[in-house]
file upload13.cif (mmCIF, C-alpha atoms)
data_model
loop_
_atom_site.label_atom_id
_atom_site.label_comp_id
_atom_site.auth_asym_id
_atom_site.auth_seq_id
_atom_site.Cartn_x
_atom_site.Cartn_y
_atom_site.Cartn_z
CA MET A 172 4.19 -30.09 9.37
CA THR A 173 0.52 -30.55 8.59
CA ASP A 174 -1.74 -27.58 8.47
CA LYS A 175 -3.10 -26.75 11.89
CA LYS A 176 -6.89 -26.99 11.71
CA PRO A 177 -8.35 -23.58 12.22
CA ASP A 178 -10.84 -23.00 14.96
CA HIS A 179 -14.04 -21.91 13.31
CA SER A 180 -15.30 -19.58 15.98
CA HIS A 181 -13.25 -16.47 15.28
CA SER A 182 -15.06 -13.70 17.04
CA PRO A 183 -13.35 -10.29 16.80
CA ASP A 184 -12.39 -10.58 20.47
CA GLU A 185 -10.74 -13.93 19.91
CA ILE A 186 -8.73 -12.72 16.96
CA GLU A 187 -7.68 -9.63 18.86
CA GLN A 188 -6.49 -11.81 21.72
CA ARG A 189 -4.70 -14.18 19.35
CA VAL A 190 -2.86 -11.29 17.68
CA ARG A 191 -1.99 -9.69 21.01
CA ASN A 192 -0.52 -13.01 22.19
CA LEU A 193 1.45 -13.34 18.99
CA GLU A 194 2.88 -9.84 19.26
CA ASN A 195 3.88 -10.38 22.90
CA LEU A 196 5.46 -13.70 22.00
CA LEU A 197 7.46 -12.30 19.07
CA VAL A 198 8.66 -9.31 21.04
CA GLY A 199 9.43 -11.58 24.01
CA LYS A 200 11.48 -13.91 21.88
CA GLY A 201 13.43 -10.98 20.49
CA LEU A 202 12.20 -11.56 16.94
CA VAL A 203 10.43 -8.23 16.58
CA ALA A 204 11.60 -4.91 18.03
CA PRO A 205 8.88 -3.34 20.17
CA GLN A 206 8.41 -0.24 17.99
CA ALA A 207 8.80 -2.01 14.65
CA VAL A 208 5.12 -2.75 14.13
CA ASP A 209 4.05 0.85 14.79
CA GLN A 210 6.79 2.15 12.54
CA LEU A 211 5.77 -0.13 9.66
CA VAL A 212 2.08 0.71 9.98
CA ASP A 213 2.81 4.41 10.29
CA THR A 214 4.94 4.38 7.14
CA TYR A 215 2.10 3.10 4.99
CA GLN A 216 -0.69 4.95 6.73
CA ASN A 217 0.88 8.38 6.91
CA GLU A 218 3.88 8.61 4.62
CA VAL A 219 3.39 6.44 1.56
CA GLY A 220 0.06 6.84 -0.21
CA PRO A 221 -1.80 7.82 -3.38
CA ARG A 222 -0.55 11.42 -3.22
CA ASN A 223 2.70 9.98 -4.56
CA GLY A 224 0.98 8.46 -7.57
CA ALA A 225 -1.05 11.64 -8.14
CA HIS A 226 2.19 13.63 -8.22
CA VAL A 227 3.56 11.26 -10.90
CA VAL A 228 0.36 11.53 -12.96
CA ALA A 229 0.24 15.33 -12.78
CA ARG A 230 3.89 15.55 -13.78
CA ALA A 231 3.23 13.31 -16.79
CA TRP A 232 0.31 15.54 -17.83
CA THR A 233 2.40 18.67 -17.70
CA ASP A 234 5.73 17.34 -18.98
CA PRO A 235 5.53 15.35 -22.25
CA GLU A 236 9.11 14.15 -21.98
CA TYR A 237 8.51 12.83 -18.48
CA LYS A 238 5.37 11.10 -19.73
CA GLU A 239 7.39 9.39 -22.42
CA ARG A 240 9.92 8.18 -19.86
CA LEU A 241 7.09 7.05 -17.58
CA LEU A 242 5.47 4.93 -20.29
CA SER A 243 8.73 3.43 -21.54
CA ASP A 244 10.49 2.81 -18.19
CA ALA A 245 8.07 3.42 -15.34
CA THR A 246 10.37 2.10 -12.61
CA ALA A 247 13.08 4.64 -13.48
CA ALA A 248 10.67 7.53 -14.07
CA ILE A 249 8.84 6.95 -10.79
CA LYS A 250 12.15 6.70 -8.97
CA GLU A 251 13.15 9.98 -10.59
CA SER A 252 10.06 11.50 -8.92
CA GLY A 253 11.27 10.16 -5.58
CA TYR A 254 9.26 6.95 -5.18
CA SER A 255 10.66 3.43 -5.11
CA GLY A 256 10.96 0.37 -2.93
CA ARG A 257 8.94 -2.47 -1.59
CA GLN A 258 6.11 -3.66 -3.85
CA GLY A 259 7.17 -1.16 -6.49
CA GLU A 260 10.48 -2.67 -7.49
CA HIS A 261 9.26 -3.23 -11.04
CA MET A 262 6.64 -0.85 -12.40
CA GLN A 263 4.55 -0.46 -15.53
CA VAL A 264 2.29 2.49 -16.21
CA VAL A 265 -0.58 1.96 -18.65
CA GLU A 266 -2.18 4.95 -20.34
CA ASN A 267 -5.87 5.60 -20.75
CA THR A 268 -6.89 7.14 -24.05
CA GLU A 269 -10.10 7.95 -25.84
CA ARG A 270 -10.24 4.35 -27.07
CA VAL A 271 -8.58 2.38 -24.25
CA HIS A 272 -9.47 2.14 -20.56
CA ASN A 273 -7.15 0.24 -18.20
CA MET A 274 -7.89 -1.25 -14.79
CA VAL A 275 -5.70 -3.22 -12.39
CA VAL A 276 -6.45 -6.29 -10.26
CA CYS A 277 -4.63 -9.14 -8.55
CA THR A 278 -6.77 -12.26 -8.82
CA LEU A 279 -4.38 -14.48 -6.82
CA CYS A 280 -3.72 -12.22 -3.82
CA SER A 281 -3.54 -8.43 -3.51
CA CYS A 282 -0.51 -7.17 -5.46
CA TYR A 283 -0.57 -3.39 -5.62
CA PRO A 284 2.03 -0.67 -6.24
CA TRP A 285 2.76 0.45 -2.67
CA PRO A 286 5.32 3.24 -3.31
CA VAL A 287 2.88 5.19 -5.50
CA LEU A 288 -0.53 4.18 -4.09
CA GLY A 289 0.15 3.03 -0.52
CA LEU A 290 -1.75 0.00 0.74
CA PRO A 291 -4.81 -1.14 -1.22
CA PRO A 292 -8.36 -0.34 -0.13
CA ALA A 293 -10.17 -3.32 1.38
CA TRP A 294 -12.46 -3.65 -1.65
CA TYR A 295 -9.43 -4.20 -3.91
CA LYS A 296 -8.58 -7.28 -1.83
CA SER A 297 -12.18 -8.52 -1.70
CA SER A 298 -13.17 -11.84 -3.26
CA SER A 299 -15.75 -10.07 -5.40
CA TYR A 300 -13.32 -7.64 -7.04
CA ARG A 301 -10.64 -10.29 -7.51
CA ALA A 302 -13.12 -12.75 -9.06
CA ARG A 303 -15.04 -10.37 -11.31
CA ALA A 304 -12.53 -7.81 -12.64
CA VAL A 305 -11.14 -10.25 -15.23
CA ASN A 306 -14.52 -11.75 -16.12
CA GLU A 307 -16.94 -8.81 -16.22
CA PRO A 308 -14.89 -5.62 -15.98
CA ARG A 309 -17.62 -3.42 -17.40
CA ALA A 310 -20.09 -4.63 -14.82
CA VAL A 311 -17.51 -3.90 -12.12
CA LEU A 312 -16.81 -0.43 -13.52
CA SER A 313 -20.53 0.19 -13.69
CA GLU A 314 -20.79 -0.56 -9.96
CA PHE A 315 -18.19 2.14 -9.45
CA GLY A 316 -20.37 4.49 -11.48
CA LEU A 317 -18.27 4.32 -14.60
CA GLU A 318 -20.05 3.57 -17.89
CA LEU A 319 -17.80 3.31 -20.92
CA GLY A 320 -18.84 3.47 -24.55
CA GLU A 321 -18.81 0.37 -26.73
CA ASP A 322 -15.99 1.82 -28.79
CA VAL A 323 -13.72 1.83 -25.71
CA GLU A 324 -11.60 -1.26 -25.22
CA VAL A 325 -11.26 -2.24 -21.57
CA ARG A 326 -7.88 -3.70 -20.66
CA VAL A 327 -7.61 -5.52 -17.36
CA TRP A 328 -4.13 -6.04 -15.91
CA ASP A 329 -3.87 -9.05 -13.59
CA SER A 330 -0.75 -8.59 -11.43
CA THR A 331 0.39 -12.20 -11.30
CA ALA A 332 4.17 -11.58 -11.07
CA GLU A 333 6.29 -8.88 -9.38
CA MET A 334 5.44 -6.28 -12.00
CA ARG A 335 3.18 -3.65 -10.48
CA TYR A 336 0.74 -1.60 -12.53
CA MET A 337 -0.54 1.93 -12.25
CA VAL A 338 -3.03 3.59 -14.60
CA LEU A 339 -2.21 6.95 -16.13
CA PRO A 340 -5.70 8.48 -16.33
CA ARG A 341 -6.80 10.98 -18.99
CA GLN A 342 -6.43 14.59 -18.07
CA PRO A 343 -9.89 16.20 -17.85
CA GLU A 344 -10.63 18.72 -20.55
CA GLY A 345 -10.38 22.34 -19.53
CA THR A 346 -7.63 21.78 -16.96
CA GLU A 347 -4.71 22.65 -19.25
CA HIS A 348 -4.11 25.93 -17.42
CA LEU A 349 -3.64 24.25 -14.03
CA SER A 350 -0.25 23.67 -12.46
CA ALA A 351 1.05 20.19 -11.68
CA THR A 352 0.36 20.82 -7.98
CA GLU A 353 -3.25 21.76 -8.71
CA LEU A 354 -3.71 18.86 -11.10
CA ALA A 355 -2.36 16.36 -8.57
CA LYS A 356 -5.23 17.28 -6.23
CA LEU A 357 -7.73 16.09 -8.84
CA VAL A 358 -6.21 12.62 -9.23
CA SER A 359 -7.89 10.03 -7.03
CA ARG A 360 -6.52 6.67 -5.98
CA ASP A 361 -9.41 4.96 -7.75
CA ALA A 362 -8.49 6.67 -11.03
CA MET A 363 -4.98 5.22 -10.76
CA ILE A 364 -6.41 1.72 -10.13
CA GLY A 365 -8.67 2.31 -13.10
CA VAL A 366 -12.13 2.16 -11.54
CA ALA A 367 -12.76 5.89 -11.87
CA LEU A 368 -11.99 8.77 -14.21
CA VAL A 369 -10.35 11.94 -13.02
CA GLY A 370 -12.94 14.54 -12.34
CA THR A 371 -15.70 12.04 -11.52
CA ALA A 372 -16.76 11.48 -7.94
CA SER A 373 -14.71 8.81 -6.19
CA MET B 43 -2.22 -25.10 -6.27
CA ASN B 44 -5.86 -25.00 -7.35
CA SER B 45 -7.30 -23.54 -4.18
CA ALA B 46 -9.62 -20.81 -3.01
CA HIS B 47 -7.12 -17.98 -3.46
CA ASP B 48 -7.31 -18.42 -7.25
CA LEU B 49 -10.45 -16.36 -7.68
CA GLY B 50 -10.37 -15.06 -11.25
CA GLY B 51 -13.69 -15.73 -12.99
CA MET B 52 -15.48 -17.18 -9.97
CA HIS B 53 -19.15 -16.33 -9.45
CA GLY B 54 -21.18 -16.02 -6.28
CA PHE B 55 -19.53 -13.21 -4.30
CA GLY B 56 -22.13 -10.55 -4.99
CA ASN B 57 -21.39 -6.87 -5.42
CA ILE B 58 -18.19 -5.20 -4.29
CA ASP B 59 -18.44 -3.61 -0.86
CA GLN B 60 -17.17 -0.15 -1.73
CA SER B 61 -17.74 1.16 1.76
CA GLN B 62 -14.44 -0.51 2.66
CA ARG B 63 -12.19 2.20 1.35
CA GLU B 64 -9.41 1.92 3.90
CA ASN B 65 -6.87 -0.86 4.08
CA PHE B 66 -7.41 -1.60 7.77
CA THR B 67 -10.79 -2.06 9.41
CA HIS B 68 -9.61 -3.22 12.83
CA LYS B 69 -6.62 -2.44 15.00
CA TRP B 70 -5.56 -6.10 15.02
CA GLU B 71 -5.23 -5.99 11.23
CA GLU B 72 -2.59 -3.27 11.56
CA LYS B 73 -0.74 -5.53 13.99
CA VAL B 74 -0.89 -8.51 11.63
CA PHE B 75 0.41 -6.34 8.79
CA GLY B 76 3.27 -4.97 10.88
CA LEU B 77 4.19 -8.33 12.42
CA THR B 78 4.17 -10.02 9.01
CA LEU B 79 6.50 -7.42 7.53
CA ALA B 80 8.76 -7.34 10.59
CA CYS B 81 9.07 -11.15 10.61
CA GLY B 82 9.60 -11.18 6.84
CA LEU B 83 12.56 -8.86 7.35
CA LEU B 84 14.25 -11.56 9.47
CA GLY B 85 15.10 -13.18 6.12
CA GLN B 86 13.92 -16.66 7.08
CA TRP B 87 11.51 -16.88 4.16
CA ASN B 88 10.72 -15.06 0.94
CA LEU B 89 7.57 -13.41 -0.41
CA ASP B 90 6.63 -16.44 -2.52
CA GLU B 91 6.78 -18.67 0.55
CA SER B 92 4.52 -16.16 2.35
CA ARG B 93 1.97 -16.30 -0.45
CA TYR B 94 2.14 -20.10 -0.52
CA ALA B 95 1.60 -20.27 3.25
CA ARG B 96 -1.59 -18.20 2.94
CA GLU B 97 -2.84 -20.25 0.01
CA GLN B 98 -2.57 -23.43 2.06
CA MET B 99 -5.29 -22.29 4.41
CA GLU B 100 -8.14 -24.79 4.17
CA ALA B 101 -10.18 -23.71 1.14
CA GLY B 102 -13.53 -23.26 2.87
CA GLU B 103 -11.90 -21.37 5.70
CA TYR B 104 -10.06 -19.14 3.23
CA LEU B 105 -13.32 -17.99 1.68
CA ARG B 106 -15.04 -17.48 5.03
CA SER B 107 -12.24 -15.53 6.66
CA SER B 108 -11.07 -11.98 6.12
CA TYR B 109 -7.97 -10.86 4.28
CA TYR B 110 -5.77 -10.32 7.33
CA GLU B 111 -6.86 -13.64 8.78
CA HIS B 112 -5.16 -15.15 5.73
CA TRP B 113 -2.03 -13.22 6.64
CA LEU B 114 -2.25 -14.27 10.28
CA HIS B 115 -2.62 -17.90 9.26
CA GLY B 116 0.38 -17.62 6.90
CA LEU B 117 2.56 -15.94 9.50
CA GLU B 118 1.82 -18.49 12.24
CA LYS B 119 2.43 -21.34 9.81
CA LEU B 120 5.80 -20.00 8.68
CA LEU B 121 6.95 -19.18 12.23
CA ILE B 122 6.35 -22.81 13.20
CA GLU B 123 7.65 -24.39 10.00
CA LYS B 124 10.88 -22.40 10.16
CA GLY B 125 11.31 -23.22 13.84
CA LEU B 126 11.11 -19.62 15.03
CA VAL B 127 8.39 -20.43 17.56
CA THR B 128 6.99 -23.71 18.85
CA VAL B 129 3.35 -24.79 18.67
CA ASP B 130 3.35 -24.70 22.44
CA GLU B 131 4.58 -21.10 22.53
CA LEU B 132 2.07 -20.05 19.91
CA GLU B 133 -0.83 -21.60 21.78
CA SER B 134 0.20 -20.31 25.19
CA GLY B 135 1.54 -16.96 23.98
CA ARG B 136 4.44 -17.44 26.41
CA CYS B 137 8.08 -17.36 25.36
CA LYS B 138 10.06 -20.48 26.37
CA ASN B 139 13.39 -19.62 24.78
CA LYS B 140 14.79 -16.41 23.37
CA SER B 141 15.52 -16.55 19.66
CA SER B 142 19.09 -16.53 18.40
CA LEU B 143 18.02 -14.22 15.58
CA SER B 144 18.21 -10.45 15.93
CA PRO B 145 15.17 -8.33 15.16
CA VAL B 146 15.42 -5.70 12.46
CA ALA B 147 16.37 -2.39 14.07
CA VAL B 148 13.60 0.18 13.83
CA GLU B 149 16.00 2.82 12.50
CA ASN B 150 16.89 0.59 9.54
CA ILE B 151 13.30 0.04 8.42
CA PRO B 152 12.94 3.09 6.11
CA GLU B 153 16.07 2.15 4.20
CA ILE B 154 15.02 -1.51 3.90
CA LEU B 155 11.55 -0.60 2.62
CA GLY B 156 13.04 1.94 0.22
CA ARG B 157 15.34 -0.67 -1.22
CA GLY B 158 12.67 -3.36 -1.61
CA SER B 159 13.55 -6.75 -3.09
CA PRO B 160 14.04 -6.57 -6.84
CA VAL B 161 13.57 -9.95 -8.54
CA GLN B 162 15.20 -9.27 -11.90
CA MET B 163 17.95 -11.80 -12.74
CA ARG B 164 20.39 -12.46 -15.53
CA PRO B 165 18.70 -15.07 -17.76
CA HIS B 166 20.37 -18.44 -18.35
CA SER B 167 19.06 -18.68 -21.91
CA ALA B 168 17.58 -16.59 -24.70
CA PRO B 169 13.81 -15.98 -24.54
CA LEU B 170 11.78 -18.60 -26.41
CA PHE B 171 9.00 -16.22 -27.43
CA GLN B 172 8.89 -12.90 -29.24
CA THR B 173 6.62 -9.92 -28.84
CA GLY B 174 3.52 -10.41 -31.00
CA GLN B 175 3.83 -14.19 -31.02
CA LEU B 176 0.77 -16.34 -30.36
CA ILE B 177 1.33 -18.62 -27.36
CA GLN B 178 -0.71 -21.13 -25.41
CA VAL B 179 -0.61 -21.56 -21.66
CA LYS B 180 0.12 -25.16 -20.74
CA ASN B 181 -2.61 -27.21 -19.13
CA PHE B 182 -1.01 -27.97 -15.77
CA HIS B 183 -2.26 -28.29 -12.21
CA PRO B 184 0.56 -28.26 -9.67
CA ARG B 185 -0.24 -29.02 -6.04
CA SER B 186 2.44 -26.48 -5.12
CA HIS B 187 2.63 -22.71 -5.54
CA THR B 188 2.22 -21.20 -8.99
CA ARG B 189 1.45 -17.75 -10.35
CA ALA B 190 -0.46 -19.07 -13.35
CA PRO B 191 -4.14 -18.64 -12.47
CA ARG B 192 -6.57 -21.33 -13.60
CA TYR B 193 -8.61 -19.10 -15.88
CA ILE B 194 -5.77 -18.71 -18.42
CA ARG B 195 -4.48 -22.30 -18.41
CA GLY B 196 -4.90 -23.96 -21.78
CA ARG B 197 -5.82 -20.59 -23.33
CA SER B 198 -4.07 -18.82 -26.18
CA GLY B 199 -2.89 -15.25 -26.18
CA ARG B 200 -0.35 -12.95 -27.73
CA VAL B 201 2.93 -11.78 -26.20
CA SER B 202 2.53 -8.06 -25.63
CA ALA B 203 5.82 -7.52 -23.78
CA HIS B 204 8.92 -9.34 -22.59
CA TYR B 205 10.07 -8.14 -19.17
CA GLY B 206 13.42 -9.94 -19.04
CA ALA B 207 14.03 -12.70 -16.51
CA HIS B 208 12.66 -12.66 -12.96
CA ILE B 209 12.96 -15.13 -10.08
CA PHE B 210 10.66 -18.06 -10.90
CA PRO B 211 8.13 -18.10 -8.01
CA ASP B 212 7.10 -21.74 -8.42
CA LEU B 213 10.58 -22.85 -7.28
CA HIS B 214 11.29 -19.89 -5.03
CA SER B 215 8.24 -20.74 -2.92
CA ALA B 216 9.29 -24.36 -2.42
CA ARG B 217 12.99 -24.35 -1.70
CA GLY B 218 13.93 -20.71 -1.74
CA GLU B 219 15.75 -21.49 -4.98
CA LYS B 220 16.41 -18.39 -7.07
CA ARG B 221 16.17 -19.54 -10.67
CA PRO B 222 15.54 -17.04 -13.48
CA ALA B 223 12.66 -17.45 -15.88
CA HIS B 224 11.71 -15.15 -18.72
CA LEU B 225 8.63 -13.14 -17.85
CA TYR B 226 6.13 -12.10 -20.51
CA ASN B 227 3.02 -10.03 -20.50
CA ILE B 228 0.33 -11.90 -22.44
CA ARG B 229 -2.83 -10.43 -23.89
CA PHE B 230 -5.90 -12.69 -23.85
CA GLU B 231 -9.04 -11.71 -25.72
CA ALA B 232 -12.19 -11.89 -23.60
CA GLY B 233 -13.81 -14.36 -26.01
CA GLU B 234 -10.86 -16.75 -25.70
CA LEU B 235 -11.21 -16.79 -21.91
CA TRP B 236 -14.96 -16.67 -21.41
CA GLY B 237 -16.67 -17.39 -24.71
CA GLU B 238 -18.91 -14.77 -26.24
CA GLN B 239 -20.28 -12.31 -23.73
CA ASP B 240 -22.50 -9.91 -25.60
CA ALA B 241 -23.43 -7.88 -22.56
CA GLU B 242 -19.85 -7.18 -21.57
CA GLY B 243 -18.58 -5.73 -24.83
CA ARG B 244 -14.98 -5.52 -25.85
CA PHE B 245 -12.23 -6.23 -23.36
CA ALA B 246 -8.94 -8.03 -23.00
CA VAL B 247 -7.01 -9.34 -20.02
CA TYR B 248 -3.25 -8.90 -19.70
CA VAL B 249 -1.46 -11.42 -17.48
CA ASP B 250 2.23 -11.68 -16.51
CA LEU B 251 3.36 -15.24 -17.14
CA PHE B 252 6.67 -17.05 -16.82
CA GLU B 253 8.17 -18.94 -19.72
CA PRO B 254 7.83 -22.42 -18.11
CA TYR B 255 4.02 -21.90 -18.16
CA LEU B 256 3.95 -21.33 -21.93
CA GLN B 257 4.28 -23.13 -25.21
CA ALA B 258 4.11 -21.95 -28.82
CA ALA B 259 0.52 -22.04 -30.06
CA GLU B 260 -0.38 -24.11 -33.09
CA VAL B 261 -1.47 -21.61 -35.71
#
call {"tool": "encode", "arguments": {"input": "upload13.cif", "output": "structure tokens"}}
result
Amino acid sequence: MTDKKPDHSHSPDEIEQRVRNLENLLVGKGLVAPQAVDQLVDTYQNEVGPRNGAHVVARAWTDPEYKERLLSDATAAIKESGYSGRQGEHMQVVENTERVHNMVVCTLCSCYPWPVLGLPPAWYKSSSYRARAVNEPRAVLSEFGLELGEDVEVRVWDSTAEMRYMVLPRQPEGTEHLSATELAKLVSRDAMIGVALVGTAS
Amino acid sequence: MNSAHDLGGMHGFGNIDQSQRENFTHKWEEKVFGLTLACGLLGQWNLDESRYAREQMEAGEYLRSSYYEHWLHGLEKLLIEKGLVTVDELESGRCKNKSSLSPVAVENIPEILGRGSPVQMRPHSAPLFQTGQLIQVKNFHPRSHTRAPRYIRGRSGRVSAHYGAHIFPDLHSARGEKRPAHLYNIRFEAGELWGEQDAEGRFAVYVDLFEPYLQAAEV
């Protein structure tokens, strides 16, 4: 089949109508169960999200052996913490240090580790982020308010296959006395994508 | 294919709109997300076919339209191509014939999402490249789906990890054929990709690439 030429006058109302028609059609044909859409959306809006990743990060900060497992076999270590499944079938965790800062992008689409971070923020899927992260990462980080020293090597991870990446941020100094539960509250989604540090505003 | 989805290194998009912190901006986007996943669970196509369907959106239209419009386009295209709905039904929104397929039961969804779809396979051959080895990405320009972005083609980098063999997406997207290919993580120095960029300072890009994309670099 040849590609159907798109109509170029997509007003929000028209798209809404088009999607409503599609949903009615698919439910009418018996291809989609009526509650399936709500259930799927609810899962990723309310159940699976960056709190999962923050829990993994805080555990790694407070348990050196877990951190070792996380860096050597992230899929297994994350599963051990209770998170696995779609768009997190194969995981790698990359560690920030004094000399290395990691950030994650998907230049070809929007690959993102759902089980630990939920669905990506819209900016992560934007043309600008996808185009620039691999070409001028420091300029991108600067837009997010993050200025790194010249002695820091920036490593950009382009998720081109089914391996999904999460950043293990540095633990802020002076937080050694906090519990894993308290530490998890400090860890933002953006820090686990690599566009923020923990403890900075996100 | 060398189309508008392959954005790495492109200029002209301006600053990142950080005000868009949520995934969904409109209610219809939630619907497109849910419908795409629900239809994907029918098992009539795989994730690589989904990506390919979105990439085939006309290039100018792809850049003008929003993220979930890409998904909507891909879903409609696959539904028609796989014969799940007719063009007539799609345009009218009215069901002519019930489908013979059964929808995924709502109660099974958590288990299905929890399981995911691992793509690791037993390799058919030993890996050609070793960790630390200098490789070069082939200069190739397929009209079909590939996960080798343009900005690394022809460039040299070093193998930083070998991830075993995964389903090779370039074939999986075309015929649903599950063939294993060794997957490597390759480190490219910024200077190799973009020339000298004094203002940017030191950085490197790590890209996951399948063995058929690669050749040994001449040292």
call {"tool": "resolve_selection", "arguments": {"input": "upload13.cif", "expression": "the PyMOL selection byres ((chain B) within 7 of (chain A))", "output": "number ranges by chain"}}
result
B: 47-52, 55-60, 62-65, 70, 72-74, 76-77, 80-81, 123, 132, 135-137, 139-141, 143-148, 155-160, 189, 242-250
call {"tool": "residues_around", "arguments": {"input": "upload13.cif", "residues": "region 228-243 of chain A", "least_positions_apart": "5", "cutoff": "8 Å", "atoms": "all atoms listed in the file", "output": "number ranges by chain"}}
result
A: 248-249, 263-266, 339-340, 342, 350-352, 354-355, 358
call {"tool": "write_last_selection", "arguments": {"input": "upload13.cif", "atoms": "C-alpha atoms", "output": "compact mmCIF listing (two decimals), in the coordinates of the input"}}
result
# COMPACT_ATOMS: atom_id res chain seq x y z
CA ALA A 248 10.67 7.53 -14.07
CA ILE A 249 8.84 6.95 -10.79
CA GLN A 263 4.55 -0.46 -15.53
CA VAL A 264 2.29 2.49 -16.21
CA VAL A 265 -0.58 1.96 -18.65
CA GLU A 266 -2.18 4.95 -20.34
CA LEU A 339 -2.21 6.95 -16.13
CA PRO A 340 -5.70 8.48 -16.33
CA GLN A 342 -6.43 14.59 -18.07
CA SER A 350 -0.25 23.67 -12.46
CA ALA A 351 1.05 20.19 -11.68
CA THR A 352 0.36 20.82 -7.98
CA LEU A 354 -3.71 18.86 -11.10
CA ALA A 355 -2.36 16.36 -8.57
CA VAL A 358 -6.21 12.62 -9.23
call {"tool": "resolve_selection", "arguments": {"input": "upload13.cif", "expression": "the PyMOL selection byres ((chain B and resi 228-235) around 7)", "output": "PyMOL selection string"}}
result
chain B and resi 193-194+197-202+226-227+236-238+245-251
call {"tool": "atom_distance", "arguments": {"input": "upload13.cif", "atom1": "CA of Met337 (chain A)", "atom2": "CA of Leu357 (chain A)"}}
result
16.2 Å
call {"tool": "axis_aligned_box", "arguments": {"input": "upload13.cif", "around": "region 178-188 of chain B", "padding_each_side": "5 Å", "output": "lines of an AutoDock Vina configuration file"}}
result
center_x = 0.0
center_y = -25.1
center_z = -15.3
size_x = 15.2
size_y = 17.9
size_z = 30.3
call {"tool": "residues_around", "arguments": {"input": "upload13.cif", "residues": "Arg93 (chain B)", "least_positions_apart": "2", "cutoff": "12 Å", "atoms": "only C-alpha atoms", "output": "CSV table (one decimal) with C-alpha atoms, in the frame of the given file"}}
result
chain,number,residue,atom,x,y,z
A,279,LEU,CA,-4.4,-14.5,-6.8
A,280,CYS,CA,-3.7,-12.2,-3.8
A,281,SER,CA,-3.5,-8.4,-3.5
A,282,CYS,CA,-0.5,-7.2,-5.5
A,331,THR,CA,0.4,-12.2,-11.3
A,332,ALA,CA,4.2,-11.6,-11.1
B,43,MET,CA,-2.2,-25.1,-6.3
B,47,HIS,CA,-7.1,-18.0,-3.5
B,48,ASP,CA,-7.3,-18.4,-7.2
B,78,THR,CA,4.2,-10.0,9.0
B,82,GLY,CA,9.6,-11.2,6.8
B,87,TRP,CA,11.5,-16.9,4.2
B,88,ASN,CA,10.7,-15.1,0.9
B,89,LEU,CA,7.6,-13.4,-0.4
B,90,ASP,CA,6.6,-16.4,-2.5
B,91,GLU,CA,6.8,-18.7,0.6
B,95,ALA,CA,1.6,-20.3,3.2
B,96,ARG,CA,-1.6,-18.2,2.9
B,97,GLU,CA,-2.8,-20.2,0.0
B,98,GLN,CA,-2.6,-23.4,2.1
B,99,MET,CA,-5.3,-22.3,4.4
B,112,HIS,CA,-5.2,-15.2,5.7
B,113,TRP,CA,-2.0,-13.2,6.6
B,114,LEU,CA,-2.2,-14.3,10.3
B,115,HIS,CA,-2.6,-17.9,9.3
B,116,GLY,CA,0.4,-17.6,6.9
B,117,LEU,CA,2.6,-15.9,9.5
B,119,LYS,CA,2.4,-21.3,9.8
B,120,LEU,CA,5.8,-20.0,8.7
B,186,SER,CA,2.4,-26.5,-5.1
B,187,HIS,CA,2.6,-22.7,-5.5
B,188,THR,CA,2.2,-21.2,-9.0
B,189,ARG,CA,1.4,-17.8,-10.4
B,211,PRO,CA,8.1,-18.1,-8.0
B,212,ASP,CA,7.1,-21.7,-8.4
B,214,HIS,CA,11.3,-19.9,-5.0
B,215,SER,CA,8.2,-20.7,-2.9
B,216,ALA,CA,9.3,-24.4,-2.4
call {"tool": "closest_residue", "arguments": {"input": "upload13.cif", "among": "B:Met163, B:Ile209, B:Ile151, B:Phe182", "to": "Leu84 (chain B)", "atoms": "only C-alpha atoms"}}
result
B:Ile151
call {"tool": "residues_around", "arguments": {"input": "upload13.cif", "residues": "Ala168 (chain B)", "least_positions_apart": "4", "cutoff": "12 Å", "atoms": "only C-alpha atoms", "output": "list of chain:residue names"}}
result
B:Arg164, B:Gln172, B:His204, B:Gly206, B:Ala207, B:Pro222, B:Ala223, B:His224, B:Leu225, B:Glu253
call {"tool": "write_last_selection", "arguments": {"input": "upload13.cif", "atoms": "C-alpha atoms", "output": "PDB file, in the frame of the given file"}}
result
ATOM      1  CA  ARG B 164      20.390 -12.460 -15.530  1.00  0.00           C
ATOM      2  CA  GLN B 172       8.890 -12.900 -29.240  1.00  0.00           C
ATOM      3  CA  HIS B 204       8.920  -9.340 -22.590  1.00  0.00           C
ATOM      4  CA  GLY B 206      13.420  -9.940 -19.040  1.00  0.00           C
ATOM      5  CA  ALA B 207      14.030 -12.700 -16.510  1.00  0.00           C
ATOM      6  CA  PRO B 222      15.540 -17.040 -13.480  1.00  0.00           C
ATOM      7  CA  ALA B 223      12.660 -17.450 -15.880  1.00  0.00           C
ATOM      8  CA  HIS B 224      11.710 -15.150 -18.720  1.00  0.00           C
ATOM      9  CA  LEU B 225       8.630 -13.140 -17.850  1.00  0.00           C
ATOM     10  CA  GLU B 253       8.170 -18.940 -19.720  1.00  0.00           C
TER      11      GLU B 253
END
call {"tool": "residues_around", "arguments": {"input": "upload13.cif", "residues": "Lys138 (chain B)", "least_positions_apart": "6", "cutoff": "9 Å", "atoms": "all atoms listed in the file", "output": "JSON, numbers by chain"}}
result
{"A": [200], "B": [127, 128, 130, 131]}
call {"tool": "atom_distance", "arguments": {"input": "upload13.cif", "atom1": "CA of Ala247 (chain A)", "atom2": "CA of Asn150 (chain B)"}}
result
23.7 Å
